[in-house]
Amino acid sequence: MTSISRARGVWLPVAAWALTRAVVLLCVLRVLVLPGPDVTTDVSVIYQGWFEVLKSGTFPLNDVTWQYPPAAALAILSPGLLPFLGYAPAFYVLVLVADAATLALLLRAGRRADHRPAGAWVWIAGVALLGPTAYARYDLMVTAVAVAALFAAVRRPRVAGALIAFGALLKVWPALLLTGAALRGRRARALWWSAAGTAAALTLFFVAAAPGALAFLTFQRDRGTEVESLGALVFHVARHFGWDGQVLLNYGSLEFLGPGVPFVSTVALTLSLAAVGWLFLWRVRVRELRPATLCEAAFTATLLFTTTSRVISPQYMLWLVALGAVCVTVRAGRQTLPVVLVLLATGVTLLEFPVGFADVVASEPWGVTLLFVRNGLLVAASLLACRRLWTSTRGDGQERTGTAGVVRARRAADATAAAAPELAGTAAQPRTDGATPAP
C-alpha cells in the first residue's frame, strides 16, 4: 500500500502538470488564442532581436528596453542550443524543461522528513493560472534557479550561494533569497562567500566578454508608473475626473506619463525603501532562525518589493508562486495563507493581462476593478507575510500562531504536578514561568 500511495503521490501531480502545460503550450504556439494582445511577441520579436545583437559580441547598448543583468544574455541565447527549431519554439521547449525541473525539485523535497508535497501543487496551479505569459518570458528559467538554490541551502551552502549569485545576475530579484540567510557559523560563511565570489567572478567575466554588460543600471532611470502597478490605480481613477496625462509605450511597457506621475513614482520608491527598513528591523530583532525562515524571508521580501514596485508585470507573479511553493513544501512553514492569496492574485492577473488588458489601458471600470482586486490581494498577502515572518522568528519559547494545543498540554502537565505531589516525593510548588516541568 505504501508503494502504491507513493506512486500516486508522484504520478497524479505529474499528470496534472502535463495536462496544464499542454494547454499553455497550445496557447503560446497560437493553436489556442486568448482574447487580448499577443503575449508571444516578447519572444518572437524582442528576444529574437536581442539574440542577433548578442551573437555579434555585444550587449544591446542602444536599446533602452534591455534592462536586465548580464547573465540574462545566456537565457536569450539559449534557444541556439536547439538549432533544428525556430527561435520561439526552441525557447518554449527550454522553458518547458525549466518548468519540469522545478516540479521535480518540489516533488523530491516533498518526500523528505518534515516536508510535504503541497508545494508541487502550488507550482502546478500557479503557472497554469498565469497562462501563456509564464512561457512567453524567461522568468521561469530564473525561478528554477531560485528554487534549486533554496533547496540546496539545506545541505550544500556553497552550491546555494553560487546559484543565488547566478540568479541575481539573471534578473536581480534572486538576491533577495539572502534576506533570511544566517550570518554566523561555518555553513553561513560558506553560503555568503560563495555568493559573493560567484557574483564577482561572473560580473568580471561578462564585463570582459562584451561591451555594455552593465548598461542596464542606467536604462530605468526615467521610467514612469506602469499601468498595472499599485501606484497606477491613482491615475486610473484620476482619468475619470479630468486628469490630462496619457498612457505611452515607455521603456518597453505601457506607462502613465503626465502631471503627478513623478510624485507617485517617488512614493513607490519610498515604499520600497520602507520595505528595506522593515526587513532590516526584522533581521535585527530575529531571535530564532527556523528551518523555514530562509524561504519565508525570501518570499516576504520578494512580495514586498513586487507590491511596491513602479512596475508589476504579469510575469513577476512567477517569482512569488515559486517562492510560495517552497514555503508550503516545508511542513513547519507559516506562509500558507499569503501563498493562497498570491495564487488568487495570479488568477486575476490572467484576467487583466492579456484578457482584459485593453480595459486596463483605457481605465475602463472592468479593467480598474481587476487591478484593484489583484493589487489588493498582493497588499493583503504582503501584510500577512510580514506579520507571520515576524512572529515565527521571535523565539518566545512557543509559537503564537495556532499553538493552543501546546498551551493546553502545558497547563495539563502543571495541573498534574500540582495535584499529585506525593508522587514526586516533595511538596508541589506552583509554576510561575509557564514552562513545562522537567521530567
# chains A, B, ... in the order shown; residues from 1 in each chain; ligands from 1
>>> residues_around(residues="Trp243 (chain A)", least_positions_apart="2", cutoff="12 Å", atoms="only C-alpha atoms", output="list in words")
Val234, Phe235, His236, Val237, Ala238, Arg239, His240, Phe241, Gly245, Gln246, Val247, Phe256, Leu257, Gly258, Pro259, Gly260, Val261 and Ser363 of chain A
>>> write_last_selection(atoms="N, CA, C and O atoms", output="tab-separated table (two decimals), in the first residue's frame")
chain	number	residue	atom	x	y	z
A	234	VAL	N	-4.01	55.27	-8.84
A	234	VAL	CA	-4.29	56.70	-8.65
A	234	VAL	C	-4.70	57.34	-9.97
A	234	VAL	O	-5.68	58.08	-10.05
A	235	PHE	N	-3.97	57.04	-11.01
A	235	PHE	CA	-4.23	57.68	-12.31
A	235	PHE	C	-5.39	57.03	-13.04
A	235	PHE	O	-6.09	57.70	-13.81
A	236	HIS	N	-5.62	55.73	-12.82
A	236	HIS	CA	-6.80	55.11	-13.40
A	236	HIS	C	-8.07	55.79	-12.89
A	236	HIS	O	-9.02	56.03	-13.66
A	237	VAL	N	-8.09	56.11	-11.61
A	237	VAL	CA	-9.24	56.81	-11.03
A	237	VAL	C	-9.24	58.27	-11.47
A	237	VAL	O	-10.30	58.83	-11.84
A	238	ALA	N	-8.05	58.90	-11.47
A	238	ALA	CA	-7.97	60.33	-11.80
A	238	ALA	C	-8.41	60.61	-13.23
A	238	ALA	O	-8.92	61.71	-13.51
A	239	ARG	N	-8.23	59.65	-14.12
A	239	ARG	CA	-8.65	59.86	-15.52
A	239	ARG	C	-10.15	60.11	-15.63
A	239	ARG	O	-10.63	60.77	-16.55
A	240	HIS	N	-10.90	59.57	-14.69
A	240	HIS	CA	-12.35	59.78	-14.71
A	240	HIS	C	-12.74	61.13	-14.12
A	240	HIS	O	-13.93	61.48	-14.12
A	241	PHE	N	-11.76	61.86	-13.62
A	241	PHE	CA	-12.02	63.19	-13.05
A	241	PHE	C	-11.21	64.27	-13.77
A	241	PHE	O	-10.91	65.32	-13.19
A	245	GLY	N	-3.13	63.39	-18.20
A	245	GLY	CA	-1.96	62.62	-18.59
A	245	GLY	C	-2.32	61.61	-19.67
A	245	GLY	O	-3.44	61.58	-20.20
A	246	GLN	N	-1.38	60.75	-20.00
A	246	GLN	CA	-1.61	59.77	-21.06
A	246	GLN	C	-0.85	58.49	-20.78
A	246	GLN	O	0.03	58.44	-19.93
A	247	VAL	N	-1.23	57.45	-21.52
A	247	VAL	CA	-0.54	56.16	-21.46
A	247	VAL	C	0.29	56.01	-22.72
A	247	VAL	O	-0.23	56.11	-23.84
A	256	PHE	N	2.01	55.38	-17.37
A	256	PHE	CA	1.38	56.69	-17.26
A	256	PHE	C	2.47	57.75	-17.29
A	256	PHE	O	3.48	57.65	-16.59
A	257	LEU	N	2.25	58.77	-18.09
A	257	LEU	CA	3.14	59.92	-18.15
A	257	LEU	C	2.29	61.17	-18.09
A	257	LEU	O	1.26	61.28	-18.77
A	258	GLY	N	2.70	62.13	-17.24
A	258	GLY	CA	1.93	63.35	-17.11
A	258	GLY	C	2.01	63.93	-15.71
A	258	GLY	O	2.86	63.50	-14.89
A	259	PRO	N	1.15	64.89	-15.38
A	259	PRO	CA	1.19	65.54	-14.07
A	259	PRO	C	1.02	64.54	-12.93
A	259	PRO	O	0.14	63.69	-12.96
A	260	GLY	N	1.86	64.65	-11.94
A	260	GLY	CA	1.76	63.82	-10.76
A	260	GLY	C	2.46	62.48	-10.83
A	260	GLY	O	2.67	61.83	-9.80
A	261	VAL	N	2.84	62.06	-12.04
A	261	VAL	CA	3.48	60.76	-12.17
A	261	VAL	C	4.82	60.69	-11.44
A	261	VAL	O	5.09	59.72	-10.73
A	363	SER	N	-8.49	52.43	-18.76
A	363	SER	CA	-9.05	52.74	-17.43
A	363	SER	C	-10.55	52.52	-17.38
A	363	SER	O	-11.28	53.24	-16.69
>>> select_by_dssp(residues="region 142-355 of chain A", states="strand (DSSP E)", output="VMD selection string")
chain A and resid 225 to 226 246 to 250 253 to 257
>>> residues_around(residues="Leu106 (chain A)", least_positions_apart="3", cutoff="9 Å", atoms="only C-alpha atoms", output="list in words")
Ala101, Thr102, Leu103, Ala109, Gly110, Arg111, Pro117, Ala118, Gly119, Ala120, Trp123, Val147, Phe151, Ala325, Val326 and Thr329 of chain A
>>> write_last_selection(atoms="N, CA, C and O atoms", output="PDB file, in the first residue's frame")
ATOM      1  N   ALA A 101      11.889  20.789 -14.394  1.00  0.00           N
ATOM      2  CA  ALA A 101      12.936  20.683 -13.379  1.00  0.00           C
ATOM      3  C   ALA A 101      12.464  21.258 -12.048  1.00  0.00           C
ATOM      4  O   ALA A 101      12.750  20.700 -10.973  1.00  0.00           O
ATOM      5  N   THR A 102      11.733  22.365 -12.104  1.00  0.00           N
ATOM      6  CA  THR A 102      11.195  22.958 -10.879  1.00  0.00           C
ATOM      7  C   THR A 102      10.214  22.013 -10.204  1.00  0.00           C
ATOM      8  O   THR A 102      10.250  21.828  -8.983  1.00  0.00           O
ATOM      9  N   LEU A 103       9.333  21.411 -10.994  1.00  0.00           N
ATOM     10  CA  LEU A 103       8.392  20.445 -10.430  1.00  0.00           C
ATOM     11  C   LEU A 103       9.137  19.274  -9.802  1.00  0.00           C
ATOM     12  O   LEU A 103       8.786  18.815  -8.698  1.00  0.00           O
ATOM     13  N   ALA A 109      11.676  17.260  -2.845  1.00  0.00           N
ATOM     14  CA  ALA A 109      11.715  17.846  -1.498  1.00  0.00           C
ATOM     15  C   ALA A 109      10.494  17.446  -0.690  1.00  0.00           C
ATOM     16  O   ALA A 109      10.579  17.250   0.528  1.00  0.00           O
ATOM     17  N   GLY A 110       9.344  17.288  -1.354  1.00  0.00           N
ATOM     18  CA  GLY A 110       8.123  16.926  -0.643  1.00  0.00           C
ATOM     19  C   GLY A 110       8.162  15.555  -0.003  1.00  0.00           C
ATOM     20  O   GLY A 110       7.335  15.253   0.866  1.00  0.00           O
ATOM     21  N   ARG A 111       9.116  14.714  -0.392  1.00  0.00           N
ATOM     22  CA  ARG A 111       9.227  13.372   0.180  1.00  0.00           C
ATOM     23  C   ARG A 111      10.173  13.327   1.376  1.00  0.00           C
ATOM     24  O   ARG A 111      10.317  12.280   2.001  1.00  0.00           O
ATOM     25  N   PRO A 117       4.069  17.442  -0.041  1.00  0.00           N
ATOM     26  CA  PRO A 117       4.009  17.657  -1.489  1.00  0.00           C
ATOM     27  C   PRO A 117       3.171  18.852  -1.917  1.00  0.00           C
ATOM     28  O   PRO A 117       2.997  19.083  -3.112  1.00  0.00           O
ATOM     29  N   ALA A 118       2.668  19.628  -0.970  1.00  0.00           N
ATOM     30  CA  ALA A 118       1.776  20.736  -1.315  1.00  0.00           C
ATOM     31  C   ALA A 118       2.452  21.752  -2.230  1.00  0.00           C
ATOM     32  O   ALA A 118       1.793  22.382  -3.069  1.00  0.00           O
ATOM     33  N   GLY A 119       3.765  21.930  -2.086  1.00  0.00           N
ATOM     34  CA  GLY A 119       4.465  22.908  -2.908  1.00  0.00           C
ATOM     35  C   GLY A 119       4.377  22.601  -4.390  1.00  0.00           C
ATOM     36  O   GLY A 119       4.265  23.508  -5.225  1.00  0.00           O
ATOM     37  N   ALA A 120       4.422  21.310  -4.740  1.00  0.00           N
ATOM     38  CA  ALA A 120       4.309  20.928  -6.146  1.00  0.00           C
ATOM     39  C   ALA A 120       2.957  21.350  -6.713  1.00  0.00           C
ATOM     40  O   ALA A 120       2.870  21.826  -7.858  1.00  0.00           O
ATOM     41  N   TRP A 123       2.899  25.066  -7.419  1.00  0.00           N
ATOM     42  CA  TRP A 123       3.596  25.373  -8.658  1.00  0.00           C
ATOM     43  C   TRP A 123       2.747  25.000  -9.880  1.00  0.00           C
ATOM     44  O   TRP A 123       2.636  25.783 -10.835  1.00  0.00           O
ATOM     45  N   VAL A 147      14.570  28.250  -6.956  1.00  0.00           N
ATOM     46  CA  VAL A 147      14.067  27.088  -6.210  1.00  0.00           C
ATOM     47  C   VAL A 147      15.212  26.119  -5.907  1.00  0.00           C
ATOM     48  O   VAL A 147      15.329  25.598  -4.786  1.00  0.00           O
ATOM     49  N   PHE A 151      16.563  24.932  -1.987  1.00  0.00           N
ATOM     50  CA  PHE A 151      16.656  23.552  -1.540  1.00  0.00           C
ATOM     51  C   PHE A 151      18.108  23.133  -1.307  1.00  0.00           C
ATOM     52  O   PHE A 151      18.389  22.317  -0.424  1.00  0.00           O
ATOM     53  N   ALA A 325       5.698  28.205  -3.298  1.00  0.00           N
ATOM     54  CA  ALA A 325       5.691  26.747  -3.386  1.00  0.00           C
ATOM     55  C   ALA A 325       6.735  26.138  -2.462  1.00  0.00           C
ATOM     56  O   ALA A 325       6.484  25.122  -1.802  1.00  0.00           O
ATOM     57  N   VAL A 326       7.914  26.748  -2.400  1.00  0.00           N
ATOM     58  CA  VAL A 326       8.948  26.248  -1.484  1.00  0.00           C
ATOM     59  C   VAL A 326       8.491  26.410  -0.042  1.00  0.00           C
ATOM     60  O   VAL A 326       8.695  25.517   0.794  1.00  0.00           O
ATOM     61  N   THR A 329       6.089  23.763   0.981  1.00  0.00           N
ATOM     62  CA  THR A 329       6.696  22.430   0.989  1.00  0.00           C
ATOM     63  C   THR A 329       7.232  22.095   2.371  1.00  0.00           C
ATOM     64  O   THR A 329       7.174  20.941   2.807  1.00  0.00           O
TER      65      THR A 329
END
>>> residues_around(residues="Pro79 (chain A)", least_positions_apart="2", cutoff="8 Å", atoms="only C-alpha atoms", output="list in words")
Ala75, Ile76, Leu77, Leu81, Leu82, Pro83, Tyr87, Ala88, Ala90, Phe91 and Leu94 of chain A
>>> residues_around(residues="Ile46 (chain A)", least_positions_apart="3", cutoff="10 Å", atoms="only C-alpha atoms", output="ChimeraX atom specification")
/A:40-43,49-51,65-66,76,252
>>> residues_around(residues="Tyr68 (chain A)", least_positions_apart="3", cutoff="8 Å", atoms="only C-alpha atoms", output="PyMOL selection string")
chain A and resi 72+170-172+216
>>> atom_distance(atom1="CA of Ala358 (chain A)", atom2="CA of Pro35 (chain A)")
9.8 Å
>>> closest_residue(among="A:Val64, A:Pro354, A:Gly231, A:Pro157", to="Arg189 (chain A)", atoms="only C-alpha atoms")
A:Pro157
>>> atom_distance(atom1="CA of Asp114 (chain A)", atom2="CA of Arg331 (chain A)")
5.4 Å
>>> decode(residues="region 266-329 of chain A", atoms="C-alpha atoms", output="mmCIF file, in the first residue's frame")
data_model
loop_
_atom_site.group_PDB
_atom_site.id
_atom_site.type_symbol
_atom_site.label_atom_id
_atom_site.label_comp_id
_atom_site.auth_asym_id
_atom_site.auth_seq_id
_atom_site.Cartn_x
_atom_site.Cartn_y
_atom_site.Cartn_z
ATOM 1 C CA THR A 266 8.711 58.698 -5.781
ATOM 2 C CA VAL A 267 6.108 57.396 -3.325
ATOM 3 C CA ALA A 268 6.537 53.908 -4.772
ATOM 4 C CA LEU A 269 10.301 54.171 -4.310
ATOM 5 C CA THR A 270 9.740 55.397 -0.748
ATOM 6 C CA LEU A 271 7.556 52.383 -0.011
ATOM 7 C CA SER A 272 10.271 50.086 -1.359
ATOM 8 C CA LEU A 273 12.792 51.800 0.927
ATOM 9 C CA ALA A 274 10.353 51.386 3.818
ATOM 10 C CA ALA A 275 10.245 47.672 2.988
ATOM 11 C CA VAL A 276 14.048 47.605 3.208
ATOM 12 C CA GLY A 277 13.807 49.299 6.595
ATOM 13 C CA TRP A 278 11.259 46.794 7.878
ATOM 14 C CA LEU A 279 13.354 43.857 6.683
ATOM 15 C CA PHE A 280 16.415 45.336 8.388
ATOM 16 C CA LEU A 281 14.451 45.798 11.626
ATOM 17 C CA TRP A 282 13.225 42.215 11.368
ATOM 18 C CA ARG A 283 16.782 40.924 10.969
ATOM 19 C CA VAL A 284 17.930 42.927 13.988
ATOM 20 C CA ARG A 285 15.055 41.591 16.111
ATOM 21 C CA VAL A 286 15.271 37.955 14.990
ATOM 22 C CA ARG A 287 15.737 35.616 17.939
ATOM 23 C CA GLU A 288 15.389 32.258 16.213
ATOM 24 C CA LEU A 289 16.092 31.172 12.633
ATOM 25 C CA ARG A 290 13.769 28.258 11.930
ATOM 26 C CA PRO A 291 14.129 25.669 9.124
ATOM 27 C CA ALA A 292 11.562 27.580 7.064
ATOM 28 C CA THR A 293 12.975 31.044 7.725
ATOM 29 C CA LEU A 294 15.215 31.208 4.647
ATOM 30 C CA CYS A 295 12.414 30.565 2.152
ATOM 31 C CA GLU A 296 9.787 32.534 4.099
ATOM 32 C CA ALA A 297 12.028 35.590 4.336
ATOM 33 C CA ALA A 298 12.782 35.356 0.612
ATOM 34 C CA PHE A 299 9.064 35.067 -0.160
ATOM 35 C CA THR A 300 8.182 38.026 2.074
ATOM 36 C CA ALA A 301 10.961 40.256 0.746
ATOM 37 C CA THR A 302 10.111 39.500 -2.888
ATOM 38 C CA LEU A 303 6.426 40.043 -2.190
ATOM 39 C CA LEU A 304 7.147 43.435 -0.618
ATOM 40 C CA PHE A 305 9.308 44.639 -3.499
ATOM 41 C CA THR A 306 6.859 43.346 -6.112
ATOM 42 C CA THR A 307 3.896 45.058 -4.476
ATOM 43 C CA THR A 308 5.657 48.422 -4.049
ATOM 44 C CA SER A 309 7.340 48.409 -7.453
ATOM 45 C CA ARG A 310 6.603 51.010 -10.132
ATOM 46 C CA VAL A 311 6.138 48.024 -12.436
ATOM 47 C CA ILE A 312 4.120 44.893 -11.664
ATOM 48 C CA SER A 313 4.465 42.965 -14.878
ATOM 49 C CA PRO A 314 2.387 39.757 -15.052
ATOM 50 C CA GLN A 315 5.473 37.521 -15.114
ATOM 51 C CA TYR A 316 6.510 38.830 -11.681
ATOM 52 C CA MET A 317 3.826 36.568 -10.252
ATOM 53 C CA LEU A 318 6.004 33.595 -11.204
ATOM 54 C CA TRP A 319 8.599 34.701 -8.670
ATOM 55 C CA LEU A 320 6.027 34.710 -5.886
ATOM 56 C CA VAL A 321 4.452 31.412 -6.939
ATOM 57 C CA ALA A 322 7.846 29.676 -6.966
ATOM 58 C CA LEU A 323 8.938 31.002 -3.574
ATOM 59 C CA GLY A 324 5.494 30.337 -2.137
ATOM 60 C CA ALA A 325 5.691 26.747 -3.386
ATOM 61 C CA VAL A 326 8.948 26.248 -1.484
ATOM 62 C CA CYS A 327 7.403 27.780 1.650
ATOM 63 C CA VAL A 328 4.445 25.404 1.742
ATOM 64 C CA THR A 329 6.696 22.430 0.989
#
